[in-house]
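See below for final33.tsv, which holds TSV, C-alpha atoms.
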chain	number	residue	atom	x	y	z
A	72	MET	CA	13.22	6.22	-12.87
A	73	ILE	CA	12.74	9.66	-11.36
A	74	VAL	CA	9.57	11.30	-12.60
A	75	ILE	CA	8.39	14.88	-12.23
A	76	VAL	CA	4.92	15.82	-13.40
A	77	VAL	CA	3.58	19.35	-13.65
A	78	TYR	CA	0.18	20.41	-14.86
A	79	ASP	CA	-1.73	23.55	-15.71
A	80	VAL	CA	-5.44	22.96	-16.06
A	81	PRO	CA	-8.69	24.88	-15.42
A	82	ALA	CA	-9.39	25.21	-11.68
A	83	ASP	CA	-12.37	22.86	-11.66
A	84	ARG	CA	-10.31	20.09	-13.22
A	85	THR	CA	-7.25	20.17	-10.94
A	86	ARG	CA	-8.70	17.58	-8.58
A	87	ILE	CA	-8.87	15.05	-11.41
A	88	TYR	CA	-5.14	15.15	-11.97
A	89	ARG	CA	-4.30	15.61	-8.31
A	90	LYS	CA	-6.16	12.44	-7.48
A	91	LEU	CA	-4.57	10.52	-10.32
A	92	LEU	CA	-1.02	11.61	-9.53
A	93	ARG	CA	-1.14	11.36	-5.76
A	94	ARG	CA	-1.57	7.62	-5.91
A	95	ARG	CA	1.89	7.15	-7.39
A	96	LEU	CA	3.85	10.32	-6.68
A	97	GLU	CA	4.65	12.65	-3.85
A	98	HIS	CA	2.65	15.87	-3.93
A	99	LEU	CA	5.44	18.45	-3.68
A	100	GLN	CA	3.63	21.68	-4.48
A	101	GLN	CA	0.27	22.81	-5.86
A	102	SER	CA	0.65	21.21	-9.27
A	103	VAL	CA	4.04	19.54	-8.98
A	104	PHE	CA	4.53	15.84	-8.32
A	105	TYR	CA	7.73	13.90	-7.81
A	106	GLY	CA	8.74	10.29	-7.28
A	107	GLU	CA	10.54	7.18	-8.37
A	108	LEU	CA	8.51	4.86	-10.58
A	109	THR	CA	9.00	1.71	-12.58
A	110	ASP	CA	8.69	1.78	-16.38
A	111	GLY	CA	5.34	0.04	-16.09
A	112	GLN	CA	4.04	2.60	-13.63
A	113	VAL	CA	5.08	5.45	-15.95
A	114	THR	CA	3.27	3.87	-18.88
A	115	GLY	CA	0.17	3.35	-16.76
A	116	LEU	CA	0.38	6.93	-15.56
A	117	LYS	CA	0.62	8.33	-19.08
A	118	ASN	CA	-2.30	6.23	-20.27
A	119	GLU	CA	-4.47	7.46	-17.42
A	120	ILE	CA	-3.53	11.07	-18.13
A	121	GLN	CA	-4.45	10.52	-21.77
A	122	GLU	CA	-7.89	9.26	-20.78
A	123	LYS	CA	-8.67	12.30	-18.64
A	124	LEU	CA	-7.34	14.88	-21.10
A	125	GLN	CA	-9.57	17.77	-22.24
A	126	PRO	CA	-8.67	20.40	-24.89
A	127	ASP	CA	-7.64	23.07	-22.34
A	128	ASP	CA	-5.44	20.83	-20.17
A	129	SER	CA	-1.68	20.96	-20.18
A	130	VAL	CA	0.40	18.26	-18.50
A	131	ILE	CA	4.15	17.65	-18.71
A	132	VAL	CA	5.85	14.45	-17.57
A	133	PHE	CA	9.62	14.65	-17.01
A	134	GLU	CA	11.54	11.38	-16.82
A	135	SER	CA	15.18	10.85	-16.01
A	136	GLY	CA	17.09	7.74	-17.13
A	137	SER	CA	17.30	4.52	-15.21
A	138	SER	CA	20.06	5.46	-12.76
A	139	ALA	CA	17.88	7.91	-11.04
A	140	VAL	CA	19.64	10.66	-9.14
A	141	VAL	CA	18.40	14.21	-9.33
A	142	ASP	CA	20.21	16.90	-7.37
A	143	TYR	CA	18.04	19.46	-5.72
A	144	THR	CA	18.30	22.42	-3.41
A	145	THR	CA	15.43	23.43	-1.20
A	146	PHE	CA	14.66	26.94	-0.01
A	147	GLY	CA	12.29	28.16	2.61
A	148	ASP	CA	9.70	25.94	4.25
A	149	THR	CA	10.26	22.82	2.14
A	150	ASP	CA	10.46	19.17	3.05
A	151	ASP	CA	13.06	17.05	1.31
A	152	PRO	CA	11.51	15.33	-1.70
A	153	GLY	CA	11.50	11.55	-1.52
A	154	SER	CA	11.77	11.30	2.26
A	155	ARG	CA	10.76	7.90	3.63
A	156	PHE	CA	9.91	9.27	7.03
A	157	THR	CA	6.86	11.09	8.30
B	37	MET	CA	13.95	-2.29	-8.44
B	38	PRO	CA	11.79	-2.67	-5.34
B	39	LYS	CA	9.68	0.22	-4.18
B	40	ASP	CA	10.63	2.24	-1.12
B	41	ASN	CA	9.42	1.61	2.40
B	42	HIS	CA	7.77	4.38	4.34
B	43	HIS	CA	8.07	4.95	8.08
B	44	VAL	CA	5.52	6.95	10.01
B	45	PHE	CA	6.93	8.33	13.25
B	46	ALA	CA	4.33	11.00	13.82
B	47	ASP	CA	1.24	10.41	15.93
B	48	GLY	CA	-2.07	10.88	14.18
B	49	GLU	CA	-4.58	9.36	11.87
B	50	LEU	CA	-4.15	7.26	8.78
B	51	SER	CA	-7.07	7.27	6.39
B	52	ARG	CA	-8.11	6.72	2.83
B	53	ASN	CA	-8.63	9.81	0.72
B	54	GLU	CA	-9.10	10.19	-3.03
B	55	GLY	CA	-7.85	6.69	-3.61
B	56	THR	CA	-4.64	7.08	-1.67
B	57	LEU	CA	-3.33	7.22	1.89
B	58	ARG	CA	-3.63	10.36	3.95
B	59	ILE	CA	-1.92	11.06	7.24
B	60	ASP	CA	-3.16	13.79	9.55
B	61	THR	CA	-0.61	14.27	12.28
B	62	LEU	CA	-1.44	15.62	15.70
B	63	ASP	CA	0.74	18.61	14.86
B	64	GLY	CA	-1.88	19.58	12.31
B	65	GLU	CA	0.01	18.55	9.21
B	66	THR	CA	-1.56	16.62	6.38
B	67	LYS	CA	0.46	14.40	4.12
B	68	TYR	CA	-0.49	12.11	1.28
B	69	LEU	CA	1.40	8.90	0.62
B	70	PRO	CA	1.49	7.44	-2.89
B	71	VAL	CA	-0.01	4.06	-2.11
B	72	GLU	CA	1.06	2.57	-5.44
B	73	SER	CA	4.70	3.43	-4.84
B	74	ILE	CA	5.11	2.05	-1.33
B	75	ASP	CA	6.60	-1.35	-0.69
B	76	THR	CA	5.93	-1.63	3.02
B	77	LEU	CA	4.49	0.75	5.58
B	78	TYR	CA	5.99	0.97	9.08
B	79	LEU	CA	3.97	2.54	11.86
B	80	HIS	CA	6.15	3.71	14.74
B	81	GLY	CA	3.91	6.36	16.25
B	82	GLN	CA	0.45	6.23	17.78
B	83	ILE	CA	-1.75	5.91	14.73
B	84	ASP	CA	-5.50	5.57	14.40
B	85	PHE	CA	-6.74	3.85	11.31
B	86	ASN	CA	-9.88	2.19	10.08
B	87	THR	CA	-10.94	-0.63	7.81
B	88	ARG	CA	-11.15	1.64	4.77
B	89	ALA	CA	-7.47	2.46	5.12
B	90	LEU	CA	-6.67	-1.22	5.60
B	91	GLY	CA	-8.81	-2.08	2.58
B	92	LEU	CA	-6.81	0.30	0.43
B	93	LEU	CA	-3.52	-1.16	1.65
B	94	ASN	CA	-4.99	-4.56	0.96
B	95	ASP	CA	-5.89	-3.59	-2.62
B	96	HIS	CA	-2.35	-2.50	-3.28
B	97	GLY	CA	-0.67	-5.35	-1.41
B	98	VAL	CA	1.15	-3.15	1.08
B	99	PRO	CA	2.04	-4.94	4.34
B	100	VAL	CA	1.98	-2.85	7.51
B	101	HIS	CA	4.42	-3.51	10.34
B	102	VAL	CA	3.28	-2.05	13.61
B	103	PHE	CA	5.69	-1.02	16.33
B	104	GLY	CA	4.40	-0.23	19.78
B	105	TRP	CA	5.78	1.48	22.82
B	106	ASN	CA	9.44	2.37	22.33
B	107	ASP	CA	9.41	0.58	19.01
B	108	TYR	CA	8.92	-2.93	20.24
B	109	TYR	CA	7.75	-4.92	17.25
B	110	ARG	CA	4.06	-5.57	17.78
B	111	GLY	CA	2.92	-7.33	14.66
B	112	THR	CA	2.12	-7.18	11.02
B	113	TYR	CA	-1.01	-6.65	9.00
B	114	LEU	CA	-0.54	-8.77	5.91
B	115	PRO	CA	-2.87	-8.01	3.01
B	116	LYS	CA	-4.78	-10.79	1.42
B	117	ARG	CA	-2.32	-12.80	-0.59
B	118	GLU	CA	-1.90	-12.03	-4.22
B	119	GLN	CA	0.27	-15.07	-4.68
B	120	VAL	CA	-1.67	-18.18	-3.85
B	121	SER	CA	-0.46	-21.58	-4.83
B	122	GLY	CA	-1.65	-24.65	-3.00
B	123	ASN	CA	1.00	-26.58	-4.79
B	124	THR	CA	3.80	-24.52	-3.27
B	125	VAL	CA	2.43	-24.78	0.25
B	126	VAL	CA	1.99	-28.53	-0.07
B	127	GLU	CA	5.58	-28.90	-1.23
B	128	GLN	CA	6.78	-26.55	1.48
B	129	VAL	CA	5.14	-28.68	4.14
B	130	ARG	CA	6.38	-31.90	2.54
B	131	ALA	CA	9.92	-30.54	2.63
B	132	TYR	CA	9.44	-29.73	6.31
B	133	ASP	CA	8.05	-33.17	7.07
B	134	ASP	CA	10.77	-35.08	5.27
B	135	HIS	CA	13.73	-35.34	7.64
B	136	ASP	CA	16.36	-35.33	4.89
B	137	ARG	CA	14.85	-32.53	2.86
B	138	ARG	CA	14.34	-30.38	5.93
B	139	LEU	CA	17.90	-30.98	7.11
B	140	GLU	CA	19.31	-30.08	3.71
B	141	ILE	CA	17.54	-26.72	3.69
B	142	ALA	CA	18.45	-26.09	7.33
B	143	HIS	CA	22.11	-26.88	6.55
B	144	ASP	CA	22.09	-24.34	3.73
B	145	ILE	CA	20.55	-21.64	5.90
B	146	ILE	CA	22.91	-22.09	8.85
B	147	ALA	CA	25.96	-22.44	6.61
B	148	ALA	CA	25.09	-19.14	4.92
B	149	SER	CA	24.44	-17.53	8.29
B	150	ILE	CA	27.83	-18.61	9.66
B	151	HIS	CA	29.53	-17.64	6.42
B	152	ASN	CA	28.08	-14.14	6.71
B	153	MET	CA	29.16	-13.83	10.35
B	154	ARG	CA	32.65	-14.87	9.36
B	155	ALA	CA	32.70	-12.35	6.51
B	156	ASN	CA	31.96	-9.58	9.03
B	157	VAL	CA	34.68	-10.66	11.42
B	158	GLN	CA	37.11	-11.06	8.55
B	159	TYR	CA	36.33	-7.53	7.40
B	160	TYR	CA	37.44	-6.17	10.76
B	161	ASP	CA	40.40	-8.54	11.04
B	162	GLY	CA	43.52	-6.42	10.80
B	163	ARG	CA	41.42	-3.30	10.37
B	164	LYS	CA	40.82	-2.88	14.06
B	165	GLU	CA	42.28	-5.87	15.80
B	166	ASP	CA	43.41	-9.39	15.25
B	167	PHE	CA	40.43	-11.68	14.81
B	168	GLU	CA	42.27	-14.60	13.29
B	169	SER	CA	41.32	-17.10	15.98
B	170	ALA	CA	37.63	-16.11	15.80
B	171	VAL	CA	37.70	-16.49	12.02
B	172	ASP	CA	39.27	-19.93	12.41
B	173	ARG	CA	36.74	-21.02	14.96
B	174	LEU	CA	33.84	-19.80	12.80
B	175	GLU	CA	35.44	-21.71	9.95
B	176	ASN	CA	35.35	-24.83	12.13
B	177	GLN	CA	31.69	-24.38	12.92
B	178	TYR	CA	31.00	-23.82	9.23
B	179	ALA	CA	32.67	-27.13	8.44
B	180	ARG	CA	30.69	-28.91	11.16
B	181	VAL	CA	27.35	-27.89	9.64
B	182	GLU	CA	27.56	-30.50	6.88
B	183	ASN	CA	28.04	-33.32	9.39
B	184	THR	CA	25.14	-32.63	11.69
B	185	THR	CA	22.48	-35.28	11.42
B	186	ASN	CA	19.51	-33.54	12.96
B	187	VAL	CA	18.14	-30.05	13.38
B	188	GLU	CA	18.76	-29.86	17.16
B	189	GLU	CA	22.42	-30.63	16.66
B	190	LEU	CA	22.55	-28.07	13.87
B	191	ARG	CA	21.03	-25.43	16.10
B	192	GLY	CA	23.76	-26.24	18.63
B	193	VAL	CA	26.41	-25.51	16.01
B	194	GLU	CA	24.69	-22.25	15.15
B	195	ALA	CA	24.50	-21.23	18.81
B	196	THR	CA	28.23	-21.89	19.26
B	197	ALA	CA	29.03	-19.88	16.15
B	198	ARG	CA	26.85	-17.01	17.27
B	199	LYS	CA	28.57	-16.98	20.66
B	200	ILE	CA	32.00	-16.77	19.02
B	201	TYR	CA	30.68	-14.06	16.75
B	202	TYR	CA	29.06	-11.92	19.44
B	203	ARG	CA	32.23	-12.13	21.51
B	204	CYS	CA	34.02	-10.20	18.75
B	205	PHE	CA	31.54	-7.32	19.01
B	206	ASP	CA	33.19	-5.69	22.05
B	207	ARG	CA	36.43	-5.34	20.17
B	208	ILE	CA	34.81	-4.16	16.93
B	209	LEU	CA	32.63	-1.53	18.59
B	210	ARG	CA	34.15	1.79	19.53
B	211	ASP	CA	34.16	2.48	23.28
B	212	PRO	CA	32.04	2.96	25.37
B	213	PHE	CA	29.75	0.55	23.48
B	214	GLU	CA	29.92	-3.01	24.73
B	215	LEU	CA	27.80	-6.02	24.03
B	216	THR	CA	29.38	-8.20	26.74
B	217	LYS	CA	26.57	-10.70	26.43
B	218	ARG	CA	23.63	-10.87	24.06
B	219	GLU	CA	20.57	-10.17	26.18
B	220	TYR	CA	17.07	-9.18	25.16
B	221	ASN	CA	13.58	-8.81	26.57
B	222	PRO	CA	14.51	-6.22	27.58
B	223	PRO	CA	17.96	-5.42	26.17
B	224	THR	CA	20.30	-4.63	29.05
B	225	ASN	CA	22.73	-2.20	27.46
B	226	GLU	CA	23.12	0.10	24.47
B	227	ALA	CA	24.66	-2.41	22.08
B	228	ASN	CA	22.01	-4.98	22.93
B	229	ALA	CA	19.28	-2.41	22.32
B	230	LEU	CA	20.72	-1.69	18.88
B	231	VAL	CA	21.04	-5.37	17.98
B	232	SER	CA	17.46	-6.03	19.08
B	233	PHE	CA	15.99	-3.14	17.14
B	234	LEU	CA	17.94	-3.89	13.98
B	235	ASN	CA	17.12	-7.58	14.18
B	236	SER	CA	13.43	-6.79	14.35
B	237	MET	CA	13.84	-4.65	11.23
B	238	VAL	CA	15.53	-7.53	9.39
B	239	TYR	CA	12.71	-9.79	10.47
B	240	THR	CA	10.07	-7.43	9.03
B	241	THR	CA	12.08	-7.09	5.81
B	242	CYS	CA	11.94	-10.87	5.47
B	243	VAL	CA	8.20	-10.98	6.24
B	244	SER	CA	7.62	-8.47	3.41
B	245	ALA	CA	9.81	-10.46	1.01
B	246	ILE	CA	8.09	-13.77	1.79
B	247	ARG	CA	4.71	-12.19	1.17
B	248	LYS	CA	5.75	-11.65	-2.44
B	249	THR	CA	5.82	-15.41	-2.90
B	250	ALA	CA	3.29	-18.11	-2.29
B	251	LEU	CA	5.37	-19.59	0.53
B	252	ASP	CA	3.69	-19.87	3.90
B	253	PRO	CA	5.59	-17.64	6.33
B	254	THR	CA	4.76	-19.81	9.33
B	255	ILE	CA	6.55	-22.95	8.18
B	256	GLY	CA	10.30	-22.76	8.63
B	257	TYR	CA	13.09	-25.28	8.54
B	258	VAL	CA	15.63	-24.33	11.19
B	259	HIS	CA	13.21	-22.88	13.70
B	260	GLU	CA	10.38	-25.04	14.93
B	261	PRO	CA	6.99	-23.82	13.66
B	262	GLY	CA	5.00	-22.52	16.61
B	263	GLU	CA	2.08	-20.28	17.33
B	264	ARG	CA	2.06	-16.59	16.50
B	265	ARG	CA	5.44	-16.54	14.81
B	266	PHE	CA	6.51	-16.37	11.21
B	267	THR	CA	9.07	-19.12	11.49
B	268	LEU	CA	10.23	-18.91	7.90
B	269	SER	CA	11.01	-15.22	8.40
B	270	LEU	CA	13.15	-16.13	11.40
B	271	ASP	CA	15.06	-18.60	9.21
B	272	ILE	CA	15.69	-16.14	6.39
B	273	ALA	CA	16.49	-13.37	8.89
B	274	ASP	CA	19.33	-15.50	10.29
B	275	VAL	CA	21.02	-15.36	6.90
B	276	PHE	CA	20.64	-11.59	6.61
B	277	LYS	CA	21.27	-10.36	10.16
B	278	PRO	CA	25.06	-10.15	9.69
B	279	ILE	CA	24.65	-8.38	6.34
B	280	LEU	CA	21.83	-6.00	7.16
B	281	ALA	CA	21.77	-5.52	10.93
B	282	ASP	CA	25.27	-6.02	12.28
B	283	ARG	CA	27.15	-4.02	9.68
B	284	VAL	CA	24.78	-1.09	10.19
B	285	LEU	CA	25.40	-1.39	13.92
B	286	PHE	CA	29.19	-1.30	13.52
B	287	ARG	CA	29.01	1.61	11.14
B	288	LEU	CA	26.67	3.67	13.30
B	289	VAL	CA	28.75	3.19	16.42
B	290	ASN	CA	32.21	3.42	14.93
B	291	ARG	CA	31.47	6.53	12.91
B	292	GLN	CA	29.81	8.00	15.98
B	293	GLN	CA	26.55	8.53	14.17
B	294	ILE	CA	24.96	7.28	17.33
B	295	GLY	CA	26.14	7.95	20.88
B	296	ILE	CA	25.34	6.95	24.40
B	297	ASP	CA	22.92	9.87	24.75
B	298	ASP	CA	20.70	8.31	22.07
B	299	PHE	CA	19.58	5.80	24.68
B	300	GLU	CA	17.50	5.91	27.81
B	301	GLN	CA	17.24	3.56	30.73
B	302	GLU	CA	13.70	2.32	31.16
B	303	LEU	CA	12.69	0.00	33.98
B	304	ASP	CA	15.52	-2.50	33.97
B	305	GLY	CA	16.25	-2.26	30.26
B	306	CYS	CA	17.95	0.10	27.88
B	307	LEU	CA	16.18	1.52	24.85
B	308	LEU	CA	16.81	3.86	21.95
B	309	THR	CA	15.34	7.34	22.07
B	310	GLU	CA	13.19	8.51	19.18
B	311	ASP	CA	16.09	10.46	17.63
B	312	GLY	CA	18.24	7.37	17.97
B	313	ARG	CA	15.69	5.16	16.26
B	314	LEU	CA	15.38	7.61	13.41
B	315	ALA	CA	19.15	7.63	12.91
B	316	VAL	CA	19.22	3.83	12.94
B	317	LEU	CA	16.37	3.55	10.44
B	318	GLU	CA	17.94	6.05	8.06
B	319	ALA	CA	21.11	3.98	8.07
B	320	TYR	CA	19.13	0.76	7.68
B	321	GLU	CA	17.12	2.07	4.72
B	322	GLU	CA	20.30	3.33	3.13
B	323	THR	CA	21.78	-0.15	3.50
B	324	LEU	CA	18.75	-1.78	1.87
B	325	ASP	CA	19.41	0.48	-1.15
B	326	ARG	CA	23.07	-0.47	-1.51
B	327	THR	CA	23.74	-2.47	-4.62
B	328	VAL	CA	26.16	-5.22	-5.55
B	329	GLU	CA	26.92	-6.90	-8.84
B	330	HIS	CA	25.07	-10.21	-8.83
B	331	PRO	CA	27.12	-13.03	-10.38
B	332	ARG	CA	24.19	-15.10	-11.63
B	333	LEU	CA	21.76	-12.33	-12.55
B	334	ASN	CA	24.45	-10.29	-14.31
B	335	ARG	CA	23.18	-6.99	-13.04
B	336	LYS	CA	23.36	-4.81	-9.98
B	337	VAL	CA	20.86	-5.66	-7.30
B	338	SER	CA	20.06	-3.94	-4.02
B	339	TYR	CA	20.36	-5.71	-0.68
B	340	LYS	CA	16.59	-5.52	-0.49
B	341	THR	CA	16.34	-7.44	-3.75
B	342	LEU	CA	18.79	-10.00	-2.39
B	343	VAL	CA	16.35	-10.87	0.38
B	344	ARG	CA	13.73	-11.40	-2.26
B	345	THR	CA	15.90	-13.51	-4.57
B	346	ASP	CA	16.81	-15.59	-1.56
B	347	VAL	CA	13.16	-16.39	-0.90
B	348	TYR	CA	12.54	-17.07	-4.60
B	349	SER	CA	15.45	-19.48	-4.60
B	350	LEU	CA	13.98	-21.33	-1.63
B	351	LYS	CA	10.62	-21.54	-3.33
B	352	LYS	CA	12.22	-22.88	-6.49
B	353	HIS	CA	14.11	-25.44	-4.45
B	354	VAL	CA	10.98	-26.60	-2.66
B	355	LEU	CA	9.07	-26.89	-5.91
B	356	THR	CA	11.63	-28.24	-8.35
B	357	GLY	CA	14.58	-29.44	-6.30
B	358	GLU	CA	16.94	-26.89	-7.84
B	359	PRO	CA	19.67	-26.14	-5.29
B	360	TYR	CA	18.72	-23.53	-2.71
B	361	ARG	CA	21.35	-20.81	-2.58
B	362	PRO	CA	20.91	-18.66	0.50
B	363	THR	CA	22.84	-15.41	0.21
B	364	GLU	CA	26.46	-15.90	1.22
B	365	ARG	CA	28.30	-12.61	1.12
B	366	TRP	CA	30.53	-12.78	-1.96
B	367	TRP	CA	31.46	-9.13	-2.21
This structure in structure tokens:
Amino acid sequence: MIVIVVYDVPADRTRIYRKLLRRRLEHLQQSVFYGELTDGQVTGLKNEIQEKLQPDDSVIVFESGSSAVVDYTTFGDTDDPGSRFT
Amino acid sequence: MPKDNHHVFADGELSRNEGTLRIDTLDGETKYLPVESIDTLYLHGQIDFNTRALGLLNDHGVPVHVFGWNDYYRGTYLPKREQVSGNTVVEQVRAYDDHDRRLEIAHDIIAASIHNMRANVQYYDGRKEDFESAVDRLENQYARVENTTNVEELRGVEATARKIYYRCFDRILRDPFELTKREYNPPTNEANALVSFLNSMVYTTCVSAIRKTALDPTIGYVHEPGERRFTLSLDIADVFKPILADRVLFRLVNRQQIGIDDFEQELDGCLLTEDGRLAVLEAYEETLDRTVEHPRLNRKVSYKTLVRTDVYSLKKHVLTGEPYRPTERWW
């Protein structure tokens, strides 16, 4: 399924989530991650977020159903999300 | 649903950073790849990497296919196996060593391969030109497969079928593309260059699929096991070339997604330019994602999954004697 994760956490804790999310998702913007994951990966991801959570942290995980197509429009200097080419 | 492949065309450095893969391109860009969401990594550019990067890929079971100058397939770094089963390998070798068992598997592979070639020609029969005689002759070769009594004879049947098949290419392909004759090392014209490049992609797709099982990639049944080659991948690739490579080729050429100016003459061969290769790979990846309704699994599966189920089926056959069902295009 398509997953989008956004977070808003104190500056000194951003690296914790960045590191955790980058392993599975594409780092689109400062605190925005995007990608296609399996159900198992999503569960694992949520558990790991839970473990790292501190009172001030705010994290949102968006999931879209199994047939994963999300339309998007890019503006400005943006790479297409989900590209398989570098 | 298999994970996506990732292709690196840029030149630069591949390293490990914060538990994932980092690419620093020579253009000064930095990109992070989600190592847990990559099926297979393809390196097409000039890339430096070290053992730490390889170790990370190893931990996550990501195979790396390396392409060298002008995207000639150079080799594969296969991570340490996660599937190990001595039992499977022993049975795989036994099946190879037993004349009857080997021949049975080889029959299945070649029959599926010829079936898939015929399906392609049939698709274009009437659509572009009349291919009835080619379809009939492929049908004949298909029927002959059952009666061959040794692998050499079987390979002869396959070679004849392939010749009939390749002869249809000139009429399927939009002008000015012509195959004339299948030639490689180096490919002599544009169509040959496309066939070669796509075939190497199918081969790597099969290498990645076989790695997911405990089967030994070096022991095949149609091709003779040799040095330095993954013979089993060559076998499985024969089944999938018409489905994955050739249809992409026809589509790219006939819809003019690729033109003569996407090629360059090098030495005495003909090769794709970088833009051309990118266009081909985009089409190839898109094809791997296409899905069909699977009659036995009762769900939609992608072509990429089909390669995998094919290998699973072979493994099951080797281990338990259940019939091996190589993918014969049914859709």
Taking the point (10.5, 17.4, -1.5) as given in the file, collect each protein or nucleic acid residue that comes within 12 Å of it, counting all atoms listed in the file, and present the set as a list in words.
Ile75, Leu96, Glu97, His98, Leu99, Gln100, Val103, Phe104, Tyr105, Gly106, Val141, Asp142, Tyr143, Thr144, Thr145, Phe146, Gly147, Asp148, Thr149, Asp150, Asp151, Pro152, Gly153, Ser154, Arg155 and Phe156 of chain A; Lys67 of chain B
How about saving the chosen residues, C-alpha atoms kept, as an mmCIF file, in the coordinates of the input?
data_model
loop_
_atom_site.group_PDB
_atom_site.id
_atom_site.type_symbol
_atom_site.label_atom_id
_atom_site.label_comp_id
_atom_site.auth_asym_id
_atom_site.auth_seq_id
_atom_site.Cartn_x
_atom_site.Cartn_y
_atom_site.Cartn_z
ATOM 1 C CA ILE A 75 8.390 14.880 -12.230
ATOM 2 C CA LEU A 96 3.850 10.320 -6.680
ATOM 3 C CA GLU A 97 4.650 12.650 -3.850
ATOM 4 C CA HIS A 98 2.650 15.870 -3.930
ATOM 5 C CA LEU A 99 5.440 18.450 -3.680
ATOM 6 C CA GLN A 100 3.630 21.680 -4.480
ATOM 7 C CA VAL A 103 4.040 19.540 -8.980
ATOM 8 C CA PHE A 104 4.530 15.840 -8.320
ATOM 9 C CA TYR A 105 7.730 13.900 -7.810
ATOM 10 C CA GLY A 106 8.740 10.290 -7.280
ATOM 11 C CA VAL A 141 18.400 14.210 -9.330
ATOM 12 C CA ASP A 142 20.210 16.900 -7.370
ATOM 13 C CA TYR A 143 18.040 19.460 -5.720
ATOM 14 C CA THR A 144 18.300 22.420 -3.410
ATOM 15 C CA THR A 145 15.430 23.430 -1.200
ATOM 16 C CA PHE A 146 14.660 26.940 -0.010
ATOM 17 C CA GLY A 147 12.290 28.160 2.610
ATOM 18 C CA ASP A 148 9.700 25.940 4.250
ATOM 19 C CA THR A 149 10.260 22.820 2.140
ATOM 20 C CA ASP A 150 10.460 19.170 3.050
ATOM 21 C CA ASP A 151 13.060 17.050 1.310
ATOM 22 C CA PRO A 152 11.510 15.330 -1.700
ATOM 23 C CA GLY A 153 11.500 11.550 -1.520
ATOM 24 C CA SER A 154 11.770 11.300 2.260
ATOM 25 C CA ARG A 155 10.760 7.900 3.630
ATOM 26 C CA PHE A 156 9.910 9.270 7.030
ATOM 27 C CA LYS B 67 0.460 14.400 4.120
#
Pick the closest to chain A from B:Asp107, B:Asp40, B:Asp84, B:Glu127: which is it, counting only C-alpha atoms?
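Using only C-alpha atoms, chain A sits closest to B:Asp40.
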Considering only C-alpha atoms, tabulate each residue of chain B that lies at most 6 Å from chain A along with its nearest interatomic pair and the corresponding distance in Å to one decimal; arrange the rows by chain and ascending residue number and present them as CSV.
residue,atom,partner,partner_atom,distance
B:His42,CA,A:Arg155,CA,4.7
B:His43,CA,A:Phe156,CA,4.8
B:Val44,CA,A:Thr157,CA,4.7
B:Phe45,CA,A:Thr157,CA,5.7
B:Glu54,CA,A:Lys90,CA,5.8
B:Thr56,CA,A:Arg94,CA,5.3
B:Pro70,CA,A:Arg94,CA,4.3
B:Val71,CA,A:Arg94,CA,5.4
B:Glu72,CA,A:Arg95,CA,5.0
B:Ser73,CA,A:Arg95,CA,5.3
Contacts of Pro115 (chain B) within 6 Å, all atoms listed in the file, excl. fewer than 3 positions in-chain, as a CSV table (one decimal) with C-alpha atoms, in the frame of the given file:
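Full text of out_36.csv as output:
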chain,number,residue,atom,x,y,z
B,94,ASN,CA,-5.0,-4.6,1.0
B,97,GLY,CA,-0.7,-5.4,-1.4
B,99,PRO,CA,2.0,-4.9,4.3
Separation of CA of Val125 (chain B) and CA of Ala250 (chain B), in Å?
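Going from CA of Val125 (chain B) over to CA of Ala250 (chain B), I get 7.2 Å.
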Missing atoms of region 95-103 of chain A rebuilt to N, CA and C atoms, written as a PDB file, keeping the file's coordinate frame:
ATOM      1  N   ARG A  95       0.566   7.696  -7.057  1.00  0.00           N
ATOM      2  CA  ARG A  95       1.890   7.150  -7.390  1.00  0.00           C
ATOM      3  C   ARG A  95       3.037   8.055  -6.968  1.00  0.00           C
ATOM      4  N   LEU A  96       2.762   9.358  -6.880  1.00  0.00           N
ATOM      5  CA  LEU A  96       3.850  10.320  -6.680  1.00  0.00           C
ATOM      6  C   LEU A  96       3.628  11.156  -5.431  1.00  0.00           C
ATOM      7  N   GLU A  97       4.732  11.771  -5.010  1.00  0.00           N
ATOM      8  CA  GLU A  97       4.650  12.650  -3.850  1.00  0.00           C
ATOM      9  C   GLU A  97       4.173  14.030  -4.299  1.00  0.00           C
ATOM     10  N   HIS A  98       3.204  14.569  -3.583  1.00  0.00           N
ATOM     11  CA  HIS A  98       2.650  15.870  -3.930  1.00  0.00           C
ATOM     12  C   HIS A  98       3.546  16.964  -3.363  1.00  0.00           C
ATOM     13  N   LEU A  99       4.444  17.503  -4.186  1.00  0.00           N
ATOM     14  CA  LEU A  99       5.440  18.450  -3.680  1.00  0.00           C
ATOM     15  C   LEU A  99       4.848  19.832  -3.494  1.00  0.00           C
ATOM     16  N   GLN A 100       4.233  20.348  -4.523  1.00  0.00           N
ATOM     17  CA  GLN A 100       3.630  21.680  -4.480  1.00  0.00           C
ATOM     18  C   GLN A 100       2.324  21.647  -5.268  1.00  0.00           C
ATOM     19  N   GLN A 101       1.601  22.761  -5.249  1.00  0.00           N
ATOM     20  CA  GLN A 101       0.270  22.810  -5.860  1.00  0.00           C
ATOM     21  C   GLN A 101       0.079  21.870  -7.056  1.00  0.00           C
ATOM     22  N   SER A 102       0.867  22.060  -8.095  1.00  0.00           N
ATOM     23  CA  SER A 102       0.650  21.210  -9.270  1.00  0.00           C
ATOM     24  C   SER A 102       1.947  20.526  -9.701  1.00  0.00           C
ATOM     25  N   VAL A 103       2.755  20.185  -8.705  1.00  0.00           N
ATOM     26  CA  VAL A 103       4.040  19.540  -8.980  1.00  0.00           C
ATOM     27  C   VAL A 103       4.135  18.227  -8.203  1.00  0.00           C
TER      28      VAL A 103
END
